[in-house]
Every structure is written in structure tokens, then in C-alpha cells.
Amino acid sequence: MNLGAYVRRQPGLVVQPRMGLADPRAMRAGLRATRDAAAITAGTITLDSYTRVGDLAAIEYAMREGIALNGYPIVSHSPEVTRAVVDGIGGDDFPVQVRHGSARPQAIFRAVNAAGLRATEGGPISYCLPYGRTPLAESVANWAECCAILLDGGPGAHLETFGGCLLGQLCPPSQLVAVSVLEALYFHRHGLRSISLSYAQQTNADQDVEAVYALRRLTAQLLPDADTHTVIYTYMGLAPRTAGGVEALLTRAVEIAAGTGAERLIVKTAAEAHRIPTVAENIAALEHAAAQAAARYGTVADDPGEGQIYQEAYAMIDAVLNADADLGRAIVTAFRRGLLDVPYCLHPDNAGRSRSYLDADGRLRWAELGSLPIRAVAERTRAQAVSSAEFLESLSYVQRSFDAPALGRSTPAALALPEVNR
Amino acid sequence: MTSPDVRRPPGPAQAGGMTPAGGLPRPAVLVSSMASDSHTWNLIFLQLLLEELGCAVTNLGPCVPDEMIEAECLARDPAMLVLSSVNGHGYQDGLRVAARLRARPELAGLPMVIGGKLGVSAALSPAQLEALFAAGFDAVHDDRSADPDGPLAFRRFVAARVTSAGRP
Ligand code: B12
């Protein structure tokens with residue numbers, strides 16, 4: 001069951017949840033409901049945080065004490081249990097992907113193989129910087145090993161980059177595109193041939209459309225001999241609090257995917273701002289996205305060609321590839337030199353000298369470039385620094401803009417510090 | 001990893017232990033995630049909030065191992081420890097960390113607060129809240145608990161126990 005081949009066969013947008021339930025029976029019911037939804041779907045097993053950081057003792061404790069986990073503990077459940085979760089549901093007509101978020105994922109990859117699953121996601125950069133304090137060089141080595149483990153598990157292996165998301169918000173699109181492409185190249189150099197490249201919806205739809213076209217163009221240029229497709233993530237930052245707000249945001253994500261010819265979309269649910277969603281909330285989101293996609297079938301968005309985002313992404317990829325003949329070492333060197341530098345990322349291996357801001361149209365722009373190799377192509381950055389109030393306003397921009405109509409307000413209220421937690 | 005990562009905060013104004021107009025040094029506050037939680041936007045947010053409330057903040061970042069939280073508390077002797085968890089494991093992680101810190105006599109009196117989205121579904125149950133207090137927290141702020149006064153309560157706590165403590 002190869003996720004790439006499955007996606008290629010479908011007549012329309014494939015939609016997929018971010019679903020992960022600790023109990024095997026509940027996980028199985030969630031997969032079945034996903035398969036049976038009124039939509040073209042792929043299944044998801046999202047893993048819990050303890051599995052991600054390798055703290056298996058904490059999982060034992062949680063199970064003993066009846067404390068809920070935030071995902072499916074694939075390493076703690078036996079291979080037989082996970083096979084039974086998928087048995088008769090996952091297959092050629094319904095691929096199931098494991099989503100985790102680990103910079104030390106060897107045990108996870110072995111469990112994926114043992115359960116007969118063939119698709120997962122991540123990357124040496126994107127499953128390191130946003131996911132804790134594992135040194136980048138270690139993550140790069142771990143991910144090389146994991147590519148080999150996955151390929152060892154037999155045919156059908158598929159890897160998706162998480163590089164188009166990183167910390168979920170406030171990273172200008174060109175760097176998301178660059179990291180997504182670099183991770184796909186990394187997978188390719190380590191033997192993978194079926195690869196999907198992610199891009200997460202940001203704050204301005206026109207900018208997102210341009211970014212997805214840039215991603216698709218660079219994919220075609222740099223990975224011509226691989227089986228690739230594009231996967232769009234519905235907004236991964238601070239979510240609207242209202243159901244109406246999330247629905248409108250999801251519709252916007254479908255427009256971006258459908259307009260650019262992206263093949264797959266990961267949805268978000270009405271529960272996003274509050275808690276782990278139920279199966280029913282996931283199905284509602286999948287069916288909403290599918291209906292919106294069907295209504296938009298054949299509408300093509302304008303392709304701005306090799307515009308600003310393409311040029312910036314190209315410059316970053318080029319600089320990284322030139323930093324070392326070995327792509328793994330090149331990635332580590334690039335972060336040390338600030339050739340890649342993710343705004344607001346606290347990871348010790350991130351230079352932390354770039355800054356972003358939102359302009360009046362909600363476009364994400366560079367406020368400070370640090371050592372990013374895009375001075376020649378980037379639009380002029382601002383003179384003034386980003387204040388803490390502006391930072392908080394940018395962080396909640398999507399939440400405010402999409403909640404405002406749902407709350408019957410025309411002007412969204414800013415997330416001021418005194419309103420913490422509201 | 002032994003040394004903390006004290007990174008530049010997002011805004012231009014770094015409080016960094018400077019002496020405010022009143023002449024008294026700003027109280028040092030430790031902000032930290034716990035071992036399983038990699039979310040950082042919440043940590044940056046709390047850092048900015050506490051700086052605006054007049055504290056000098058050290059932000060330990062994501063996925064902080066229990067022993068590092070303990071070592072940092074012992075080394076820095078902060079005026080308050082603020083633990084933030086949003087991944088849904090905060091209840092379990094908080095119980096474990098509080099028990100560990102309170103077992104050290106040097107930290108018996110440290111004001112200790114936990115907040116965020118502490119469980120994976122609705123608000124914590126009264127029994128779970130009670131367990132967190134019993135483990136040693138002085139205040140618990142779960143986003144989903146009914147208390148509409150939650151955020152104000154945190155500000156009041158900071159004012160009562162930290163920023164005005166020892167001031168005329
Ligand atoms: C961005 C994001 C991510 C990014 C994080 C990148 C990074 N390094 O930070 C990525 C994509 C990597 C990510 C990963 C995961 N995430 Co996440 N993430 C979010 C998201 C969308 C936004 C978070 C954000 O930007 N917050 C901004 C800050 C300012 O707000 P806040 O975090 O909500 O905190 C507020 C309050 O909680 C409060 N607060 C927080 N701490 C404290 C402490 C005190 C003392 C006080 C008084 C107040 C307080 O103050 C803040 C302002 O109001 C949220 C959903 C949402 N909120 O929209 C999910 C969310 C937090 N993630 C969630 C989960 C589960 C995960 C994962 C485990 C994956 C999974 N199973 O789905 C992994 C984490 C892995 C790990 N090891 O922990 C869940 C948590 C569920 C729950 N608690 O019930 C959420 C709620 C999404 C959901 N509905 O499922 N995530």
C-alpha cells in the first residue's frame with residue numbers, strides 16, 4: 001500500500017485527518033470512520049508525545065493510572081495489536097500514514113515496519129527544530145538511519161516532509177518551501193522514491209498560492225525522477241476558537257489546494273483551539289473539505305511564475321547545497337551559519353537572528369534577515385524592530401480574522417496582554 | 001544538556017535583570033516546559049507577559065528534562081517557577097515534576113505555578129486539580145476550567161507573591 005501511488009490514482013483531492021487515539025479499539029474505529037467518510041481519504045495514526053521523546057515508562061504509568069495520552073503509542077503496543085488496528089481497513093484502497101514528530105524516531109520506524117505500515121512523515125530539520133532540544137546533527141544522522149529502516153521494511157515506502165510547517169506560524173513561506181524541498185532531497189539521497197512535499201497554509205491566500213506553485217516548480221526541477229505530490233496543511237498556528245472560524249479557514253485551505261493542483265490536504269477540526277478532536281469532529285472536517293473541493297474542481301489559480309517566493313526559496317536551497325557535498329553536513333552547516341534561520345525558534349542550533357512580521361494585507365514578510373542568503377532577492381526589510389505587542393498581534397491574526405465574522409464583529413479585537421487566556 | 005538556553009525574546013525590549021525605576025532588582029522568574037512538551041509559542045508568550053509584569057525571565061525552552069528543571073531551580077534560586085504545558089500531558093508531567101522539586105528542602109518554599117491545557121479533553125476534574133495542589137503547586141491554571149477569572153488570578157498571584165514581595 002503505497003501512499004504516493006494511491007494519491008496519484010484518485011480523481012480528486014485526498015483529504016486526511018490528524019487523528020491519534022491511545023486505545024487500539026478507538027484508533028481502529030477512527031480509521032474505519034475515516035475510510036467510510038463521504039470523501040476521498042487517507043488514514044492517520046498520530047503518535048503521543050511520550051512516544052515522540054522515547055519516554056516509554058511514562059506511557060506505562062499513564063496506562064496503569066488511566067491517564068489519557070495525546071496520541072497512539074505505537075512503540076508500546078505490540079506489532080500484533082497495531083496490525084489488528086489496521087487489519088481489513090488499511091490497504092491499497094486506503095493507505096494509513098503514521099505521523100509523529102520525533103528527532104530520535106528509530107524505534108518508531110521499526111514499529112511502523114513491524115505493523116506492516118509503509119507511510120510516515122517528518123524530516124531531519126522539521127522533526128528536530130520544533131520538537132525539543134535534540135541536537136540537529138544527531139537528528140540528521142537519525143533520519144538517515146530511519147530512511148534505511150523504512151526501505152528495509154519492503155516495497156511501498158513513502159515519506160512526507162514536515163518542512164513546509166516547521167513551528168506552524170510566522171515563518172515566511174519561502175523558507176517553508178526551501179526546507180520542504182531540502183528534506184525531500186534528503187529522503188531522495190537516502191533512497192526514497194515516493195515522497196510528498198508539504199506546505200502549511202499561512203496568513204494570506206495569494207501568498208500561499210504563490211508558495212505552493214514555487215514548491216511544485218522546485219519539486220519538478222530538483223526531483224524529476226521521483227514519484228512526488230504536494231500536501232497542504234490547513235493552518236497550523238493558533239486556531240480560531242469558533243466552529244465557524246475554523247470552517248472558513250478550512251475552506252480557504254481547500255481553495256489553495258484546489259487552485260494549485262495540490263493532491264492531498266490535511267484538515268483541522270473545530271476543536272483545534274481547545275482540545276484533541278473526537279472522531280466525529282474529524283469526520284465532519286473531512287466531509288466539509290471534500291464538499292468544498294468538489295465544488296471547486298477545475299478552478300485554477302493564477303501562477304505568478306518564478307516570483308519573489310520562488311527566488312528566495314531557490315537562493316536558500318542553492319546556498320545550502322553549496323555548503324557541503326554531503327547534504328546532511330550541509331544542513332548542519334547551514335543552520336550554524338544562519339543560511340537557514342527560523343524566526344522565533346528557541347532550538348539551540350537555530351541562529352535566532354531572523355524575524356518576521358505581517359503587513360497590512362496579512363502577508364508574512366521578513367523584518368530581519370540575519371545571515372539568510374537572500375539579501376540580493378528579498379524585498380526591502382523594515383527599519384523598525386518587531387515589538388512584543390506586534391508579535392502577539394501577528395500570532396493571533398488568523399484567529400482574530402476568522403473568528404470575527406463568526407462572532408458578528410467587523411473589527412477583530414487584538415490579543416492584548418491583559419486578555420491572556422481569554 | 002546542562003546549560004540553559006536563554007534565547008533572545010521576540011521583542012526588542014529585553015528585561016534581562018535590569019533595575020527598574022523603583023531601584024529594586026526585578027524578581028527572577030523561571031519559565032519552563034516539561035519533558036514531553038515541545039510547544040514554545042506558549043513559553044514566549046509567558047515570557048513577554050511576565051516581563052511586562054516586571055519580572056526578569058529565564059526561559060528554559062521546550063522538552064526540559066526533570067533533572068534540568070531541578071538543577072536550574074537550585075542554581076538560580078528564582079522568585080517563582082512557572083511551568084507551562086499545552087500538549088495534554090501537563091497533569092502527569094506536573095505531578096512528577098512537583099513531587100521531585102518539593103522533595104528538595106531548598107525548594108520547599110519556592111512559589112510554583114502550572115498552567116496551559118493540562119489534559120487532552122475537557123477541563124481537569126476536581127480530583128486532578130486537588131492532586132496537583134497536593135503535589136506542591138501553589139496555583140493551577142487550566143485553560144478549560146470554568147473559572148473565568150483565571151488569567152486575572154495569575155496576574156494577582158504574580159503581584160502578591162513575586163513582584164511586590166519584599167517591597168515597601
Ligand atoms: C503551533 C502548534 C504546534 C506546533 C508547535 C511548534 C512549537 N515549537 O511551538 C507543532 C505543529 C510542532 C505542534 C506539535 C504538537 N502539538 Co500542537 N498545537 C499548536 C497550536 C495549533 C497553536 C499553539 C500556539 O501557537 N499557541 C500560542 C500560545 C500563545 O497560546 P497557547 O499555547 O494556547 O497558550 C495559552 C494558554 O494555554 C495559556 N497558558 C499556557 N501555559 C500557561 C501557563 C500558565 C501559568 C498560565 C497562567 C497560562 C498558560 O496562555 C496562552 C495564551 O492564552 C495548538 C492549538 C491552538 N491553540 O490553536 C496545538 C495544540 C496545543 N497541539 C496539540 C498537540 C497534541 C500536539 C502534538 C502532541 C501532536 C498531536 N498529537 O496532535 C505535538 C507536540 C509534540 C510534543 N512533544 O509535545 C494539542 C494539545 C491538545 C490538548 N492539550 O488537549 C493542541 C491544542 C491542538 C489540538 N486541538 O489537538 N503543535
# chains A, B, ... in the order shown; residues from 1 in each chain; ligands from 1
>>> closest_atom_pairs(of="chain B", to="ligand 1", cutoff="10 Å", atoms="only C-alpha atoms and all ligand atoms", output="CSV")
residue,atom,partner,partner_atom_place_in_ligand_line,distance
B:Val31,CA,ligand 1,45 (C),8.8
B:Ser32,CA,ligand 1,43 (C),9.2
B:Ser33,CA,ligand 1,41 (N),8.8
B:Met34,CA,ligand 1,78 (O),9.2
B:Ala35,CA,ligand 1,77 (N),8.2
B:Ser36,CA,ligand 1,77 (N),5.0
B:Asp37,CA,ligand 1,78 (O),3.5
B:Ser38,CA,ligand 1,78 (O),4.2
B:His39,CA,ligand 1,9 (O),3.4
B:Thr40,CA,ligand 1,9 (O),3.7
B:Trp41,CA,ligand 1,27 (C),4.7
B:Asn42,CA,ligand 1,28 (C),4.0
B:Leu43,CA,ligand 1,41 (N),7.0
B:Ile44,CA,ligand 1,29 (C),7.4
B:Phe45,CA,ligand 1,29 (C),5.1
B:Leu46,CA,ligand 1,42 (C),6.8
B:Leu49,CA,ligand 1,50 (O),9.4
B:Gly61,CA,ligand 1,8 (N),9.2
B:Pro62,CA,ligand 1,8 (N),7.4
B:Cys63,CA,ligand 1,77 (N),7.1
B:Leu81,CA,ligand 1,45 (C),9.1
B:Val82,CA,ligand 1,45 (C),5.5
B:Leu83,CA,ligand 1,45 (C),6.0
B:Ser84,CA,ligand 1,41 (N),4.1
B:Ser85,CA,ligand 1,41 (N),5.6
B:Val86,CA,ligand 1,83 (N),4.8
B:Asn87,CA,ligand 1,80 (C),3.9
B:Gly88,CA,ligand 1,83 (N),3.3
B:His89,CA,ligand 1,83 (N),7.1
B:Gly90,CA,ligand 1,83 (N),8.0
B:Met112,CA,ligand 1,45 (C),9.1
B:Val113,CA,ligand 1,45 (C),5.6
B:Ile114,CA,ligand 1,45 (C),4.7
B:Gly115,CA,ligand 1,43 (C),3.4
B:Gly116,CA,ligand 1,40 (C),3.5
B:Lys117,CA,ligand 1,83 (N),4.5
B:Leu118,CA,ligand 1,83 (N),5.9
B:Gly119,CA,ligand 1,83 (N),5.3
B:Val120,CA,ligand 1,84 (O),3.3
B:Ser121,CA,ligand 1,84 (O),5.2
B:Ala122,CA,ligand 1,84 (O),7.5
B:Ala123,CA,ligand 1,84 (O),9.2
B:Ala139,CA,ligand 1,45 (C),8.1
B:Val140,CA,ligand 1,45 (C),7.1
B:His141,CA,ligand 1,47 (C),5.2
B:Asp142,CA,ligand 1,48 (C),7.3
B:Asp143,CA,ligand 1,37 (O),5.5
B:Arg144,CA,ligand 1,37 (O),8.8
B:Gly150,CA,ligand 1,47 (C),7.2
B:Pro151,CA,ligand 1,47 (C),5.9
B:Leu152,CA,ligand 1,47 (C),8.7
B:Ala153,CA,ligand 1,47 (C),8.1
B:Phe154,CA,ligand 1,47 (C),5.3
B:Arg155,CA,ligand 1,47 (C),8.1
B:Phe157,CA,ligand 1,47 (C),9.7
B:Val158,CA,ligand 1,47 (C),9.9
>>> residues_around(residues="segment 243-255 of chain A", least_positions_apart="2", cutoff="10 Å", atoms="only C-alpha atoms", output="MDAnalysis selection string")
chainID A and resid 13 15 200:202 204:205 208:209 232:235 239:241 257:262 264:273 284:286 288:297 299:301 398:407
>>> atom_distance(atom1="atom CA of His158 of chain A", atom2="atom CA of Ala119 of chain A")
4.6 Å
>>> closest_atom_pairs(of="chain A", to="chain B", cutoff="7 Å", atoms="only C-alpha atoms", output="JSON lines")
{"residue": "A:Ser49", "atom": "CA", "partner": "B:Ser36", "partner_atom": "CA", "distance": 5.7}
{"residue": "A:Tyr50", "atom": "CA", "partner": "B:Ser36", "partner_atom": "CA", "distance": 5.7}
{"residue": "A:Val53", "atom": "CA", "partner": "B:Ser36", "partner_atom": "CA", "distance": 6.4}
{"residue": "A:Ala68", "atom": "CA", "partner": "B:Val120", "partner_atom": "CA", "distance": 6.7}
{"residue": "A:Leu69", "atom": "CA", "partner": "B:His89", "partner_atom": "CA", "distance": 6.9}
{"residue": "A:Asn70", "atom": "CA", "partner": "B:Val120", "partner_atom": "CA", "distance": 6.1}
{"residue": "A:Pro130", "atom": "CA", "partner": "B:Ser38", "partner_atom": "CA", "distance": 6.8}
{"residue": "A:Tyr131", "atom": "CA", "partner": "B:Ser38", "partner_atom": "CA", "distance": 4.9}
{"residue": "A:Gly132", "atom": "CA", "partner": "B:Ser38", "partner_atom": "CA", "distance": 5.0}
{"residue": "A:Arg133", "atom": "CA", "partner": "B:Cys63", "partner_atom": "CA", "distance": 6.8}
{"residue": "A:Arg275", "atom": "CA", "partner": "B:Ser121", "partner_atom": "CA", "distance": 5.3}
{"residue": "A:Ile276", "atom": "CA", "partner": "B:Val120", "partner_atom": "CA", "distance": 5.7}
{"residue": "A:Tyr344", "atom": "CA", "partner": "B:Pro10", "partner_atom": "CA", "distance": 6.4}
{"residue": "A:Leu346", "atom": "CA", "partner": "B:Gly61", "partner_atom": "CA", "distance": 6.5}
{"residue": "A:Pro348", "atom": "CA", "partner": "B:Asp5", "partner_atom": "CA", "distance": 6.6}
{"residue": "A:Ala385", "atom": "CA", "partner": "B:Pro12", "partner_atom": "CA", "distance": 6.4}
{"residue": "A:Val386", "atom": "CA", "partner": "B:Gly11", "partner_atom": "CA", "distance": 5.6}
{"residue": "A:Ser387", "atom": "CA", "partner": "B:Gly11", "partner_atom": "CA", "distance": 4.6}
{"residue": "A:Ser388", "atom": "CA", "partner": "B:Gly11", "partner_atom": "CA", "distance": 4.5}
{"residue": "A:Leu417", "atom": "CA", "partner": "B:Leu49", "partner_atom": "CA", "distance": 6.4}
{"residue": "A:Val420", "atom": "CA", "partner": "B:Pro151", "partner_atom": "CA", "distance": 5.8}
{"residue": "A:Asn421", "atom": "CA", "partner": "B:Pro151", "partner_atom": "CA", "distance": 5.8}
>>> residues_around(residues="segment 168-183 of chain A", least_positions_apart="4", cutoff="8 Å", atoms="only C-alpha atoms", output="short mmCIF file (atom, residue, chain, number, x, y, z; two decimals) with N, CA, C and O atoms, in the first residue's frame")
data_model
loop_
_atom_site.label_atom_id
_atom_site.label_comp_id
_atom_site.auth_asym_id
_atom_site.auth_seq_id
_atom_site.Cartn_x
_atom_site.Cartn_y
_atom_site.Cartn_z
N GLY A 123 11.31 14.56 8.92
CA GLY A 123 12.48 15.12 8.28
C GLY A 123 13.50 15.54 9.31
O GLY A 123 13.16 15.81 10.46
N PRO A 124 14.78 15.59 8.89
CA PRO A 124 15.85 15.89 9.84
C PRO A 124 15.77 17.29 10.44
O PRO A 124 16.21 17.50 11.58
N ILE A 125 15.20 18.25 9.72
CA ILE A 125 15.09 19.61 10.22
C ILE A 125 13.75 19.80 10.94
O ILE A 125 13.68 20.25 12.08
N SER A 126 12.68 19.44 10.23
CA SER A 126 11.34 19.80 10.71
C SER A 126 10.85 18.95 11.87
O SER A 126 9.92 19.33 12.57
N THR A 161 7.54 15.23 3.82
CA THR A 161 8.31 16.23 4.57
C THR A 161 7.36 17.00 5.49
O THR A 161 6.21 17.25 5.16
N PHE A 162 7.86 17.38 6.66
CA PHE A 162 7.10 18.28 7.54
C PHE A 162 7.69 19.70 7.43
O PHE A 162 7.27 20.62 8.11
N GLY A 163 8.67 19.84 6.54
CA GLY A 163 9.39 21.10 6.41
C GLY A 163 8.54 22.28 6.00
O GLY A 163 8.89 23.43 6.25
N GLY A 164 7.38 22.00 5.37
CA GLY A 164 6.50 23.10 4.99
C GLY A 164 5.69 23.64 6.14
O GLY A 164 4.84 24.52 5.94
N PHE A 187 15.61 12.82 1.69
CA PHE A 187 14.99 11.49 1.59
C PHE A 187 15.43 10.80 0.30
O PHE A 187 15.73 9.61 0.29
N LEU A 197 5.65 16.46 -0.55
CA LEU A 197 6.24 17.69 -0.02
C LEU A 197 5.12 18.56 0.55
O LEU A 197 4.13 18.84 -0.14
N SER A 198 5.31 18.98 1.81
CA SER A 198 4.25 19.71 2.50
C SER A 198 4.41 21.22 2.38
O SER A 198 5.51 21.74 2.15
N TYR A 199 3.28 21.88 2.51
CA TYR A 199 3.27 23.33 2.71
C TYR A 199 2.07 23.65 3.60
O TYR A 199 0.95 23.23 3.30
N ALA A 200 2.30 24.38 4.68
CA ALA A 200 1.22 24.73 5.60
C ALA A 200 0.68 26.12 5.27
O ALA A 200 1.44 27.08 5.12
N GLN A 202 -0.62 29.73 5.46
CA GLN A 202 -0.18 30.79 6.36
C GLN A 202 -1.28 31.85 6.47
O GLN A 202 -2.43 31.51 6.62
N GLN A 207 -0.49 34.77 -1.16
CA GLN A 207 0.89 34.42 -0.88
C GLN A 207 1.04 32.89 -0.81
O GLN A 207 2.02 32.33 -1.31
N ASP A 208 0.04 32.23 -0.23
CA ASP A 208 0.08 30.77 -0.14
C ASP A 208 0.05 30.13 -1.52
O ASP A 208 0.77 29.17 -1.79
N ALA A 211 3.35 30.41 -3.02
CA ALA A 211 4.30 29.49 -2.38
C ALA A 211 4.11 28.06 -2.87
O ALA A 211 5.09 27.35 -3.13
N VAL A 212 2.86 27.62 -3.02
CA VAL A 212 2.63 26.24 -3.46
C VAL A 212 3.11 26.05 -4.90
O VAL A 212 3.73 25.04 -5.23
N ALA A 214 5.56 27.69 -6.23
CA ALA A 214 7.02 27.66 -6.14
C ALA A 214 7.49 26.28 -5.71
O ALA A 214 8.45 25.72 -6.26
N LEU A 215 6.79 25.72 -4.72
CA LEU A 215 7.14 24.38 -4.23
C LEU A 215 7.02 23.35 -5.36
O LEU A 215 7.90 22.51 -5.55
N LEU A 218 9.86 23.85 -7.96
CA LEU A 218 11.16 23.37 -7.47
C LEU A 218 11.18 21.85 -7.37
O LEU A 218 12.21 21.22 -7.62
N THR A 219 10.05 21.26 -7.00
CA THR A 219 9.97 19.79 -6.94
C THR A 219 10.23 19.20 -8.33
O THR A 219 11.00 18.25 -8.48
N TYR A 235 -4.13 25.52 8.24
CA TYR A 235 -3.35 26.38 9.13
C TYR A 235 -2.88 25.66 10.41
O TYR A 235 -3.69 25.07 11.12
N MET A 236 -1.60 25.74 10.70
CA MET A 236 -1.01 25.03 11.83
C MET A 236 -0.69 25.94 13.00
O MET A 236 -0.03 25.53 13.97
N GLY A 237 -1.09 27.21 12.95
CA GLY A 237 -0.85 28.11 14.07
C GLY A 237 -2.08 28.23 14.95
O GLY A 237 -3.02 27.44 14.84
N LEU A 238 -2.05 29.23 15.81
CA LEU A 238 -3.13 29.49 16.76
C LEU A 238 -4.47 29.51 16.01
O LEU A 238 -4.70 30.33 15.13
N ILE A 309 8.76 34.51 -4.02
CA ILE A 309 8.90 33.36 -3.13
C ILE A 309 9.81 32.30 -3.77
O ILE A 309 10.69 31.73 -3.12
N TYR A 310 9.59 32.07 -5.06
CA TYR A 310 10.44 31.11 -5.76
C TYR A 310 11.90 31.53 -5.67
O TYR A 310 12.78 30.72 -5.37
N GLU A 312 13.49 33.53 -3.53
CA GLU A 312 14.06 33.41 -2.18
C GLU A 312 14.31 31.94 -1.84
O GLU A 312 15.37 31.58 -1.30
N ALA A 313 13.32 31.08 -2.12
CA ALA A 313 13.48 29.65 -1.80
C ALA A 313 14.67 29.07 -2.58
O ALA A 313 15.49 28.34 -2.02
N TYR A 314 14.75 29.44 -3.85
CA TYR A 314 15.84 28.95 -4.68
C TYR A 314 17.19 29.37 -4.09
O TYR A 314 18.13 28.57 -4.01
N MET A 316 17.96 30.05 -1.01
CA MET A 316 18.27 29.31 0.22
C MET A 316 18.70 27.88 -0.10
O MET A 316 19.69 27.38 0.44
N ILE A 317 17.97 27.22 -1.00
CA ILE A 317 18.31 25.84 -1.36
C ILE A 317 19.71 25.81 -1.98
O ILE A 317 20.55 24.97 -1.62
N LEU A 340 19.97 29.05 6.96
CA LEU A 340 18.58 28.77 7.30
C LEU A 340 18.43 29.26 8.73
O LEU A 340 19.31 29.04 9.56
N VAL A 342 15.09 29.99 11.45
CA VAL A 342 13.63 30.01 11.60
C VAL A 342 13.23 31.05 12.66
O VAL A 342 13.67 30.96 13.80
N PRO A 343 12.39 32.02 12.27
CA PRO A 343 12.01 33.06 13.22
C PRO A 343 11.33 32.49 14.47
O PRO A 343 10.51 31.59 14.37
N SER A 356 10.13 37.97 11.52
CA SER A 356 9.11 38.17 10.51
C SER A 356 8.04 39.10 11.04
O SER A 356 7.97 39.35 12.24
N TYR A 357 7.22 39.64 10.13
CA TYR A 357 6.07 40.44 10.56
C TYR A 357 4.98 40.30 9.51
O TYR A 357 5.22 39.81 8.40
N LEU A 364 3.05 37.53 5.18
CA LEU A 364 4.20 37.31 6.04
C LEU A 364 5.45 37.84 5.35
O LEU A 364 5.76 37.43 4.24
N ARG A 365 6.16 38.72 6.03
CA ARG A 365 7.37 39.30 5.42
C ARG A 365 8.54 39.21 6.38
O ARG A 365 8.37 39.05 7.58
N TRP A 366 9.72 39.36 5.82
CA TRP A 366 10.93 39.38 6.65
C TRP A 366 11.10 40.75 7.29
O TRP A 366 11.07 41.76 6.60
N SER A 394 0.42 39.49 15.60
CA SER A 394 0.68 38.63 14.45
C SER A 394 0.31 37.18 14.77
O SER A 394 -0.26 36.48 13.96
N LEU A 395 0.65 36.77 15.99
CA LEU A 395 0.38 35.40 16.41
C LEU A 395 -1.11 35.08 16.35
O LEU A 395 -1.51 33.97 16.02
#
>>> residues_around(residues="Ser194 of chain A", least_positions_apart="2", cutoff="7 Å", atoms="only C-alpha atoms", output="MDAnalysis selection string")
chainID A and resid 4 157:159 192 226:228
>>> residues_around(residues="Arg100 of chain B", least_positions_apart="3", cutoff="8 Å", atoms="only C-alpha atoms", output="MDAnalysis selection string")
chainID B and resid 66 70 96:97 103:104
